[in-house]
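S.K.: What follows is the file start-v3.tsv, containing TSV, C-alpha atoms and all ligand atoms:
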chain	number	residue	atom	x	y	z
A	246	MET	CA	95.58	50.45	63.82
A	247	ARG	CA	97.93	51.24	66.65
A	248	ILE	CA	101.50	49.91	66.54
A	249	ASP	CA	104.00	50.14	69.41
A	250	VAL	CA	107.64	49.18	69.03
A	251	VAL	CA	110.24	48.76	71.79
A	252	SER	CA	113.93	48.72	70.80
A	253	ILE	CA	117.39	49.78	72.05
A	254	PHE	CA	117.87	51.28	68.57
A	255	PRO	CA	114.68	53.35	68.11
A	256	GLU	CA	116.26	55.30	65.28
A	257	TYR	CA	116.26	52.06	63.26
A	258	LEU	CA	112.50	52.58	62.93
A	259	ASP	CA	112.81	56.10	61.46
A	260	ALA	CA	112.31	54.55	58.01
A	261	LEU	CA	108.66	53.98	59.00
A	262	GLY	CA	108.22	57.74	58.73
A	263	LEU	CA	108.81	57.57	54.97
A	264	SER	CA	106.73	56.65	51.90
A	265	LEU	CA	103.37	54.86	52.22
A	266	ILE	CA	103.65	54.02	55.90
A	267	GLY	CA	104.74	57.57	56.71
A	268	LYS	CA	101.77	58.96	54.78
A	269	ALA	CA	99.39	56.52	56.48
A	270	ARG	CA	100.61	57.90	59.82
A	271	GLN	CA	100.08	61.48	58.64
A	272	ASP	CA	96.59	60.54	57.40
A	273	GLY	CA	95.71	58.96	60.74
A	274	LEU	CA	95.29	55.46	59.27
A	275	LEU	CA	98.13	54.16	61.42
A	276	GLU	CA	99.45	55.26	64.81
A	277	LEU	CA	103.08	54.28	65.48
A	278	ASN	CA	104.90	54.79	68.78
A	279	VAL	CA	108.53	53.78	69.33
A	280	ARG	CA	109.99	53.41	72.81
A	281	ASN	CA	113.67	53.07	73.77
A	282	LEU	CA	114.06	50.08	76.10
A	283	ARG	CA	116.89	51.89	77.90
A	284	ASP	CA	114.35	54.46	79.15
A	285	PHE	CA	112.97	51.63	81.32
A	286	THR	CA	116.23	50.77	83.08
A	287	THR	CA	116.94	51.89	86.64
A	288	ASP	CA	120.76	51.95	86.83
A	289	ARG	CA	123.03	54.79	85.83
A	290	HIS	CA	124.51	52.76	82.97
A	291	ARG	CA	120.98	52.01	81.56
A	292	THR	CA	121.89	48.32	81.45
A	293	VAL	CA	119.63	46.05	79.36
A	294	ASP	CA	121.70	42.83	79.21
A	295	ASP	CA	123.50	40.35	81.40
A	296	THR	CA	125.33	37.02	81.15
A	297	PRO	CA	123.30	33.90	80.30
A	298	TYR	CA	122.43	31.36	83.02
A	299	GLY	CA	123.87	28.03	81.95
A	300	GLY	CA	126.82	29.72	80.24
A	301	GLY	CA	127.33	30.22	76.53
A	302	ALA	CA	128.47	33.05	74.31
A	303	GLY	CA	126.95	36.49	74.27
A	304	MET	CA	124.53	38.28	76.55
A	305	VAL	CA	120.80	37.98	77.26
A	306	MET	CA	118.34	40.88	77.61
A	307	LYS	CA	117.25	41.45	81.22
A	308	PRO	CA	113.54	40.85	81.93
A	309	GLU	CA	112.64	43.84	84.13
A	310	PRO	CA	113.21	46.64	81.59
A	311	TRP	CA	111.04	44.73	79.14
A	312	ALA	CA	108.22	44.34	81.67
A	313	LEU	CA	108.34	48.05	82.50
A	314	ALA	CA	108.40	49.00	78.80
A	315	LEU	CA	105.48	46.71	77.96
A	316	GLU	CA	103.50	47.97	80.96
A	317	SER	CA	104.09	51.49	79.62
A	318	VAL	CA	102.71	50.35	76.25
A	319	LEU	CA	99.61	48.89	77.92
A	320	ALA	CA	99.05	52.04	79.97
A	321	GLY	CA	99.47	54.18	76.86
A	322	ALA	CA	96.76	52.15	75.15
A	323	GLY	CA	94.43	52.27	78.12
A	324	HIS	CA	94.91	48.61	79.03
A	325	SER	CA	95.68	47.56	82.60
A	326	PRO	CA	98.50	45.02	83.04
A	327	ALA	CA	97.20	41.61	84.06
A	328	THR	CA	97.42	40.74	87.71
A	329	ALA	CA	98.19	37.15	88.77
A	330	GLU	CA	94.53	36.32	89.48
A	331	ALA	CA	93.45	37.97	86.21
A	332	THR	CA	95.92	35.77	84.35
A	333	GLU	CA	94.45	32.66	85.99
A	334	THR	CA	90.91	33.86	85.16
A	335	ALA	CA	91.82	34.42	81.54
A	336	ALA	CA	93.36	30.98	81.31
A	337	GLU	CA	90.35	29.33	82.96
A	338	VAL	CA	87.60	30.91	80.85
A	339	PRO	CA	87.80	29.03	77.50
A	340	GLU	CA	85.86	31.63	75.50
A	341	HIS	CA	88.27	34.25	76.78
A	342	ASP	CA	90.65	33.80	73.86
A	343	GLY	CA	92.16	37.17	74.59
A	344	ALA	CA	90.81	38.66	71.39
A	345	GLY	CA	90.75	42.07	73.11
A	346	ARG	CA	94.39	41.83	74.15
A	347	PRO	CA	97.09	43.40	71.97
A	348	VAL	CA	99.27	41.05	69.91
A	349	LEU	CA	102.89	41.05	71.09
A	350	ILE	CA	105.05	40.08	68.12
A	351	VAL	CA	108.53	39.00	69.15
A	352	PRO	CA	110.91	38.70	66.18
A	353	SER	CA	113.07	35.61	66.77
A	354	PRO	CA	115.11	33.07	64.76
A	355	ALA	CA	112.99	30.51	66.61
A	356	GLY	CA	109.65	32.02	65.59
A	357	GLU	CA	106.86	31.02	63.20
A	358	VAL	CA	107.89	32.19	59.71
A	359	PHE	CA	106.16	35.43	58.65
A	360	THR	CA	103.98	35.01	55.54
A	361	GLN	CA	101.57	37.10	53.47
A	362	SER	CA	98.77	35.17	55.08
A	363	MET	CA	100.02	36.21	58.54
A	364	ALA	CA	100.31	39.80	57.27
A	365	HIS	CA	96.63	39.72	56.28
A	366	GLU	CA	95.69	38.20	59.65
A	367	LEU	CA	97.63	40.84	61.62
A	368	ALA	CA	96.30	43.68	59.44
A	369	GLY	CA	92.93	42.97	60.99
A	370	GLU	CA	94.17	43.61	64.53
A	371	GLU	CA	93.57	46.88	66.39
A	372	HIS	CA	96.84	46.96	68.34
A	373	LEU	CA	100.19	45.36	67.51
A	374	VAL	CA	103.23	45.57	69.79
A	375	PHE	CA	106.70	44.61	68.51
A	376	ALA	CA	109.52	43.70	70.94
A	377	CYS	CA	112.90	44.08	69.20
A	378	GLY	CA	115.43	41.84	70.89
A	379	ARG	CA	119.18	42.12	70.49
A	380	TYR	CA	122.22	40.19	71.82
A	381	GLU	CA	121.25	36.48	72.09
A	382	GLY	CA	117.62	37.29	72.73
A	383	ILE	CA	115.21	38.26	75.54
A	384	ASP	CA	114.90	36.36	78.85
A	385	GLU	CA	112.16	33.75	78.10
A	386	ARG	CA	110.24	34.69	81.27
A	387	VAL	CA	109.28	37.99	79.62
A	388	MET	CA	107.16	36.14	77.05
A	389	GLU	CA	105.66	33.97	79.81
A	390	TRP	CA	104.79	37.06	81.88
A	391	ALA	CA	103.49	38.97	78.86
A	392	ALA	CA	100.99	36.19	78.05
A	393	GLY	CA	98.83	37.58	80.87
A	394	SER	CA	98.22	40.81	78.94
A	395	PHE	CA	99.10	40.05	75.32
A	396	ARG	CA	98.63	37.39	72.68
A	397	VAL	CA	102.33	36.54	72.32
A	398	ARG	CA	103.62	35.48	68.88
A	399	PRO	CA	107.30	34.70	68.27
A	400	VAL	CA	107.81	35.38	64.51
A	401	SER	CA	110.81	34.81	62.22
A	402	LEU	CA	111.44	36.78	59.03
A	403	GLY	CA	113.06	33.71	57.45
A	404	ASP	CA	115.68	31.04	57.78
A	405	TYR	CA	118.75	33.25	58.13
A	406	VAL	CA	120.34	34.96	61.09
A	407	LEU	CA	120.00	38.69	61.81
A	408	ASN	CA	121.58	40.61	64.69
A	409	GLY	CA	118.30	41.78	66.15
A	410	GLY	CA	114.60	42.26	65.60
A	411	GLU	CA	114.49	45.77	64.10
A	412	VAL	CA	114.92	44.76	60.44
A	413	ALA	CA	112.17	42.18	60.89
A	414	VAL	CA	109.86	44.83	62.35
A	415	LEU	CA	110.50	47.17	59.42
A	416	ALA	CA	109.54	44.39	57.01
A	417	MET	CA	106.50	43.24	58.95
A	418	VAL	CA	105.12	46.74	59.55
A	419	GLU	CA	105.43	47.49	55.83
A	420	ALA	CA	103.81	44.18	54.82
A	421	ILE	CA	100.98	44.63	57.34
A	422	GLY	CA	100.56	48.40	56.97
A	423	ARG	CA	100.09	48.29	53.19
A	424	LEU	CA	97.07	46.00	53.69
A	425	ILE	CA	95.24	48.54	55.86
A	426	PRO	CA	92.39	50.03	53.79
A	427	GLY	CA	93.35	53.43	52.35
A	428	VAL	CA	97.12	53.00	52.73
A	429	VAL	CA	97.74	51.82	49.16
A	430	GLY	CA	96.13	54.22	46.66
A	431	ASN	CA	94.84	51.55	44.27
A	432	PRO	CA	93.52	48.51	46.21
A	433	GLU	CA	93.56	46.62	42.89
A	434	SER	CA	97.35	46.44	43.17
A	435	LEU	CA	96.96	44.34	46.30
A	436	VAL	CA	94.99	41.70	44.46
A	437	GLU	CA	97.45	40.56	41.79
A	438	GLU	CA	100.65	40.34	43.75
A	439	SER	CA	103.04	37.60	44.68
A	440	HIS	CA	101.61	34.98	46.98
A	441	SER	CA	98.08	36.43	46.81
A	442	ASP	CA	97.05	33.44	44.64
A	443	GLY	CA	99.83	31.17	45.89
A	444	LEU	CA	102.05	31.88	42.87
A	445	LEU	CA	104.92	34.32	42.28
A	446	GLU	CA	103.94	37.43	40.34
A	447	TYR	CA	104.32	37.81	36.56
A	448	PRO	CA	107.03	40.06	34.99
A	449	VAL	CA	106.08	43.71	34.39
A	450	TYR	CA	107.14	46.08	31.58
A	451	THR	CA	106.69	49.76	30.70
A	452	LYS	CA	107.73	52.21	27.96
A	453	PRO	CA	109.74	52.18	25.76
A	454	SER	CA	108.48	49.06	23.94
A	455	VAL	CA	112.06	48.44	22.72
A	456	TRP	CA	114.84	49.19	25.19
A	457	ARG	CA	118.50	48.55	24.36
A	458	GLY	CA	117.37	46.08	21.70
A	459	ARG	CA	115.00	44.23	24.05
A	460	GLN	CA	111.37	44.05	22.94
A	461	VAL	CA	108.36	43.90	25.30
A	462	PRO	CA	106.51	40.57	24.67
A	463	ASP	CA	104.16	41.20	21.71
A	464	VAL	CA	101.12	39.79	23.52
A	465	LEU	CA	101.26	42.70	25.97
A	466	LEU	CA	100.94	45.14	23.05
A	467	SER	CA	98.07	43.16	21.47
A	468	GLY	CA	95.17	44.60	23.45
A	469	ASN	CA	93.76	41.07	23.63
A	470	HIS	CA	92.92	40.84	27.32
A	471	ALA	CA	92.25	37.11	27.30
A	472	ARG	CA	95.64	36.39	25.72
A	473	ILE	CA	97.34	38.83	28.08
A	474	ALA	CA	95.74	37.13	31.10
A	475	ARG	CA	96.86	33.72	29.85
A	476	PHE	CA	100.42	34.99	29.19
A	477	ARG	CA	100.63	36.43	32.69
A	478	ARG	CA	99.30	33.26	34.31
A	479	ASP	CA	101.76	31.17	32.29
A	480	GLU	CA	104.62	33.41	33.42
A	481	GLN	CA	103.49	33.08	37.04
A	482	LEU	CA	103.48	29.29	36.75
A	483	ARG	CA	106.83	29.19	34.92
A	484	ARG	CA	108.53	31.45	37.45
A	485	THR	CA	107.05	29.64	40.44
A	486	ALA	CA	108.04	26.21	39.09
A	487	GLU	CA	111.56	27.51	38.43
A	488	ARG	CA	112.16	29.48	41.67
A	489	ARG	CA	109.70	28.08	44.25
A	490	PRO	CA	108.76	24.47	43.37
A	491	ASP	CA	107.58	24.14	46.96
A	492	LEU	CA	104.69	26.50	46.16
A	493	ILE	CA	103.71	24.47	43.10
A	494	GLU	CA	103.46	21.36	45.26
A	495	ALA	CA	101.10	23.17	47.63
A	496	LEU	CA	98.90	24.26	44.69
A	497	ALA	CA	99.01	21.02	42.67
A	498	ASN	CA	95.35	20.16	43.19
A	499	GLN	CA	94.19	23.69	42.34
A	500	LEU	CA	95.81	23.90	38.88
A	501	ASP	CA	93.52	23.45	35.85
A	502	SER	CA	94.53	21.74	32.59
A	503	ALA	CA	95.70	25.04	31.00
A	504	ASP	CA	97.90	25.65	34.04
A	505	ARG	CA	99.38	22.17	33.91
A	506	ALA	CA	100.13	22.63	30.20
A	507	ALA	CA	102.17	25.72	31.09
A	508	LEU	CA	104.43	23.85	33.53
A	601	LIG	N1	112.77	37.84	63.08
A	601	LIG	C1	113.84	37.42	63.03
A	601	LIG	C2	115.15	36.90	62.86
A	601	LIG	C3	116.29	37.02	63.65
A	601	LIG	C4	116.47	37.68	64.95
A	601	LIG	C5	115.39	38.31	65.59
A	601	LIG	C6	115.56	38.86	66.84
A	601	LIG	C7	116.79	38.80	67.47
A	601	LIG	C8	117.30	39.22	68.72
A	601	LIG	C9	118.64	38.89	68.79
A	601	LIG	N2	118.98	38.29	67.62
A	601	LIG	C10	120.32	37.80	67.31
A	601	LIG	C11	120.35	36.32	67.46
A	601	LIG	C12	120.94	35.57	66.47
A	601	LIG	C13	120.99	34.17	66.59
A	601	LIG	C14	120.45	33.55	67.69
A	601	LIG	C15	120.48	32.05	67.79
A	601	LIG	N3	121.23	31.61	68.97
A	601	LIG	C16	121.05	30.19	69.17
A	601	LIG	C17	121.85	29.71	70.38
A	601	LIG	O1	123.21	30.07	70.18
A	601	LIG	C18	123.40	31.46	70.05
A	601	LIG	C19	122.64	32.00	68.87
A	601	LIG	C20	119.84	34.30	68.67
A	601	LIG	C21	119.78	35.72	68.54
A	601	LIG	C22	117.89	38.22	66.80
A	601	LIG	C23	117.73	37.65	65.55
A	601	LIG	N4	117.30	36.35	63.04
A	601	LIG	N5	116.81	35.83	61.90
A	601	LIG	C24	115.52	36.13	61.75
A	601	LIG	N6	114.73	35.74	60.69
Here is a file; write its structure as structure tokens.

M.R.:
Amino acid sequence: MRIDVVSIFPEYLDALGLSLIGKARQDGLLELNVRNLRDFTTDRHRTVDDTPYGGGAGMVMKPEPWALALESVLAGAGHSPATAEATETAAEVPEHDGAGRPVLIVPSPAGEVFTQSMAHELAGEEHLVFACGRYEGIDERVMEWAAGSFRVRPVSLGDYVLNGGEVAVLAMVEAIGRLIPGVVGNPESLVEESHSDGLLEYPVYTKPSVWRGRQVPDVLLSGNHARIARFRRDEQLRRTAERRPDLIEALANQLDSADRAAL
């Protein structure tokens, strides 16, 4: 997988050189390129923002630096930017769903909320491009223009307000990158994790069996795998009902009688 990121704070993405994602890059499982949006400005002050049409607080990111940066990404990946007629052609040919075009993920408070399911979907893509906005956001015409060469997806990390897109990109690249085959040493650990079966994960314990007077649940020391599985499932259901009742609602028709007894 190839990932390109454009940001006015490229150093924010340095954390993607560490740990599993950093090793995946060293192992050639993931290619990551970060571009500084200011390198695509044309004035001496490297200006990326301006006042909003229609008034209002704050500043808006200018469109032209973004178009130049995204065209640089396309050129770097061997794609040619869409021309006007190409855009029309793409729109007219129904089977041309743009599957070959890179996905442009635009972190935004107004985006579709990022989920584990979306992480799995995006982990299957060949080329992801992340546009990190700042200020009050990016001129909307950039996303309209980009639709000629990218599959554009505004995505939100969650229902709270950040100051820009970089933190969201760190989270999404980690969530997506860990699903790429070979990145996580033991693929088994990807199976039983939160949200993989729609429930929150069960509590985990390790040595010592008694720590500051607190005993590990006996069932986990029993060696009885059926009882251990049932305990873990019960803990998943209990935790999910307590912390995320919304997830229980979504699963209601999938729970068996043993599950219902645990709630
Ligand atoms: N992913 C993600 C995010 C982001 C996110 C992502 C990208 C950018 C780029 C700029 N910002 C700052 C910003 C904050 C608030 C608003 C709303 N406006 C409405 C009209 O009044 C002014 C304010 C806009 C821009 C960003 C925030 N926040 N929360 C998430 N889950």

S.K.: As a ChimeraX atom specification, please: the residues near Phe476 of chain A (cut-off 9 Å, all atoms listed in the file, same-chain neighbours under 6 positions excluded).

M.R.: /A:447,464-465

S.K.: For those residues, write C-alpha atoms to a file as a PDB file, in the coordinates of the input.

M.R.:
ATOM      1  CA  TYR A 447     104.320  37.810  36.560  1.00  0.00           C
ATOM      2  CA  VAL A 464     101.120  39.790  23.520  1.00  0.00           C
ATOM      3  CA  LEU A 465     101.260  42.700  25.970  1.00  0.00           C
TER       4      LEU A 465
END

S.K.: Which residues are near ligand LIG 601 (chain A) in this structure, taking near to mean any atom at most 6 Å from a ligand atom and counting all atoms listed in the file? Format them as a list in words.

M.R.: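 Final answer, ordered by chain and number: Pro352, Ser353, Pro354, Gly378, Arg379, Tyr380, Glu381, Gly382, Val400, Ser401, Leu402, Gly403, Asp404, Tyr405, Val406, Leu407, Asn408, Gly409, Gly410 and Ala413 of chain A.
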
S.K.: Give the answer as one residue: which of A:Leu445, A:Val429, A:Met417, A:Leu367 has the shortest atom-to-atom distance to Leu261 of chain A, using only C-alpha atoms?

M.R.: A:Met417

S.K.: Can you tell me which residues surround Glu366 of chain A at a distance of at most 12 Å, considering all atoms listed in the file, apart from same-chain residues fewer than 3 positions away, and format the answer as a ChimeraX atom specification?

M.R.: /A:348,359-363,369-371,373,417,420-422,424-425

S.K.: For the atom pair atom CA of Pro326 of chain A and atom CA of Arg396 of chain A, what is the interatomic distance in Å to one decimal place?

M.R.: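 Rounded to one decimal, the two atoms are 12.9 Å apart.
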
S.K.: For segment 490-495 of chain A, find every residue with an atom within 8 Å (counting all atoms listed in the file), except residues of its own chain fewer than 5 positions away, and show them as a PyMOL selection string.

M.R.: chain A and resi 443-444+482+485

S.K.: Which is closest to Lys268 of chain A among A:Gly427, A:Asp249, A:Gly458, A:Met388, if we use all atoms listed in the file?

M.R.: A:Gly427

S.K.: Can you work out the spacing between atom CA of Glu256 of chain A and atom CA of Arg280 of chain A in Å, to one decimal?

M.R.: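 Computed distance, atom CA of Glu256 of chain A to atom CA of Arg280 of chain A, equals 10.0 Å.
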
S.K.: Return the single residue from A:Glu389, A:Asp272, A:Glu309, A:Asp384 that is closest to Thr286 of chain A, with distances computed using all atoms listed in the file.

M.R.: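 Once distances to Thr286 of chain A are computed over all atoms listed in the file, the minimum belongs to A:Glu309.
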
S.K.: Select, from A:Leu508, A:Val397, A:Met246, A:Ile383, the residue with the minimum atom-to-atom distance to Ala269 of chain A, counting only C-alpha atoms.

M.R.: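 Nearest to Ala269 of chain A: A:Met246.
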
S.K.: By how many Å are atom CA of Val414 of chain A and atom CA of Leu265 of chain A apart?

M.R.: 15.7 Å

S.K.: Can you list, as an MDAnalysis selection string, every protein, DNA or RNA residue that comes within 7 Å of Val250 of chain A when you count only C-alpha atoms, leaving out same-chain residues fewer than 3 positions away?

M.R.: chainID A and resid 278:280 374:376

S.K.: Pick the closest to His365 of chain A from A:Asp295, A:Glu316, A:Glu411, A:Glu419: which is it, counting all atoms listed in the file?

M.R.: A:Glu419

S.K.: Fewer than 5 positions away in the same chain doesn't count, so skip those; otherwise give me all residues within 9 Å of Leu466 of chain A, counting all atoms listed in the file, as a PDB file with C-alpha atoms, in the frame of the given file.

M.R.:
ATOM      1  CA  SER A 454     108.480  49.060  23.940  1.00  0.00           C
ATOM      2  CA  VAL A 461     108.360  43.900  25.300  1.00  0.00           C
ATOM      3  CA  ILE A 473      97.340  38.830  28.080  1.00  0.00           C
TER       4      ILE A 473
END

S.K.: Could you tell me which of A:Leu435, A:Val428, A:Ile266, A:Val251 comes closest to Ile350 of chain A if we count only C-alpha atoms?

M.R.: A:Val251

S.K.: Could you please fill out segment 343-369 of chain A with N, CA, C and O atoms and send it back as a tab-separated table (two decimals), in the coordinates of the input?

M.R.:
chain	number	residue	atom	x	y	z
A	343	GLY	N	91.25	36.04	74.56
A	343	GLY	CA	92.16	37.17	74.59
A	343	GLY	C	92.03	38.04	73.38
A	343	GLY	O	92.91	38.84	73.09
A	344	ALA	N	90.93	37.90	72.64
A	344	ALA	CA	90.81	38.66	71.39
A	344	ALA	C	90.99	40.15	71.64
A	344	ALA	O	91.51	40.87	70.81
A	345	GLY	N	90.61	40.65	72.85
A	345	GLY	CA	90.75	42.07	73.11
A	345	GLY	C	92.17	42.46	73.45
A	345	GLY	O	92.51	43.64	73.45
A	346	ARG	N	93.03	41.49	73.72
A	346	ARG	CA	94.39	41.83	74.15
A	346	ARG	C	95.25	42.14	72.94
A	346	ARG	O	95.08	41.57	71.87
A	347	PRO	N	96.20	43.09	73.08
A	347	PRO	CA	97.09	43.40	71.97
A	347	PRO	C	97.93	42.17	71.60
A	347	PRO	O	98.15	41.29	72.44
A	348	VAL	N	98.37	42.12	70.35
A	348	VAL	CA	99.27	41.05	69.91
A	348	VAL	C	100.70	41.52	70.14
A	348	VAL	O	101.08	42.60	69.69
A	349	LEU	N	101.48	40.74	70.88
A	349	LEU	CA	102.89	41.05	71.09
A	349	LEU	C	103.71	40.18	70.14
A	349	LEU	O	103.79	38.96	70.33
A	350	ILE	N	104.25	40.80	69.11
A	350	ILE	CA	105.05	40.08	68.12
A	350	ILE	C	106.52	40.19	68.51
A	350	ILE	O	107.04	41.30	68.68
A	351	VAL	N	107.13	39.02	68.73
A	351	VAL	CA	108.53	39.00	69.15
A	351	VAL	C	109.38	38.41	68.04
A	351	VAL	O	109.37	37.18	67.83
A	352	PRO	N	110.04	39.25	67.22
A	352	PRO	CA	110.91	38.70	66.18
A	352	PRO	C	111.95	37.76	66.82
A	352	PRO	O	112.54	38.11	67.84
A	353	SER	N	112.14	36.60	66.21
A	353	SER	CA	113.07	35.61	66.77
A	353	SER	C	113.45	34.61	65.69
A	353	SER	O	112.61	34.22	64.88
A	354	PRO	N	114.74	34.14	65.71
A	354	PRO	CA	115.11	33.07	64.76
A	354	PRO	C	114.30	31.80	65.01
A	354	PRO	O	114.17	30.94	64.16
A	355	ALA	N	113.74	31.72	66.22
A	355	ALA	CA	112.99	30.51	66.61
A	355	ALA	C	111.48	30.71	66.44
A	355	ALA	O	110.69	29.95	67.01
A	356	GLY	N	111.08	31.75	65.70
A	356	GLY	CA	109.65	32.02	65.59
A	356	GLY	C	108.99	31.34	64.40
A	356	GLY	O	109.65	30.77	63.53
A	357	GLU	N	107.67	31.45	64.36
A	357	GLU	CA	106.86	31.02	63.20
A	357	GLU	C	107.22	31.93	62.03
A	357	GLU	O	107.34	33.15	62.22
A	358	VAL	N	107.44	31.37	60.84
A	358	VAL	CA	107.89	32.19	59.71
A	358	VAL	C	106.77	33.13	59.25
A	358	VAL	O	105.62	32.71	59.07
A	359	PHE	N	107.11	34.39	59.09
A	359	PHE	CA	106.16	35.43	58.65
A	359	PHE	C	105.77	35.19	57.19
A	359	PHE	O	106.62	34.97	56.33
A	360	THR	N	104.47	35.24	56.91
A	360	THR	CA	103.98	35.01	55.54
A	360	THR	C	102.96	36.10	55.18
A	360	THR	O	102.51	36.84	56.04
A	361	GLN	N	102.61	36.14	53.91
A	361	GLN	CA	101.57	37.10	53.47
A	361	GLN	C	100.25	36.81	54.17
A	361	GLN	O	99.52	37.72	54.53
A	362	SER	N	100.01	35.54	54.39
A	362	SER	CA	98.77	35.17	55.08
A	362	SER	C	98.77	35.73	56.51
A	362	SER	O	97.78	36.29	56.98
A	363	MET	N	99.93	35.65	57.19
A	363	MET	CA	100.02	36.21	58.54
A	363	MET	C	99.89	37.73	58.48
A	363	MET	O	99.28	38.35	59.35
A	364	ALA	N	100.43	38.35	57.42
A	364	ALA	CA	100.31	39.80	57.27
A	364	ALA	C	98.83	40.20	57.18
A	364	ALA	O	98.39	41.15	57.84
A	365	HIS	N	98.07	39.44	56.39
A	365	HIS	CA	96.63	39.72	56.28
A	365	HIS	C	95.94	39.54	57.63
A	365	HIS	O	95.13	40.36	58.05
A	366	GLU	N	96.30	38.47	58.35
A	366	GLU	CA	95.69	38.20	59.65
A	366	GLU	C	95.98	39.35	60.61
A	366	GLU	O	95.10	39.88	61.28
A	367	LEU	N	97.24	39.79	60.66
A	367	LEU	CA	97.63	40.84	61.62
A	367	LEU	C	97.11	42.21	61.20
A	367	LEU	O	96.88	43.08	62.04
A	368	ALA	N	96.84	42.39	59.91
A	368	ALA	CA	96.30	43.68	59.44
A	368	ALA	C	94.89	43.91	59.96
A	368	ALA	O	94.41	45.04	59.99
A	369	GLY	N	94.27	42.84	60.44
A	369	GLY	CA	92.93	42.97	60.99
A	369	GLY	C	92.91	43.27	62.48
A	369	GLY	O	91.84	43.46	63.07
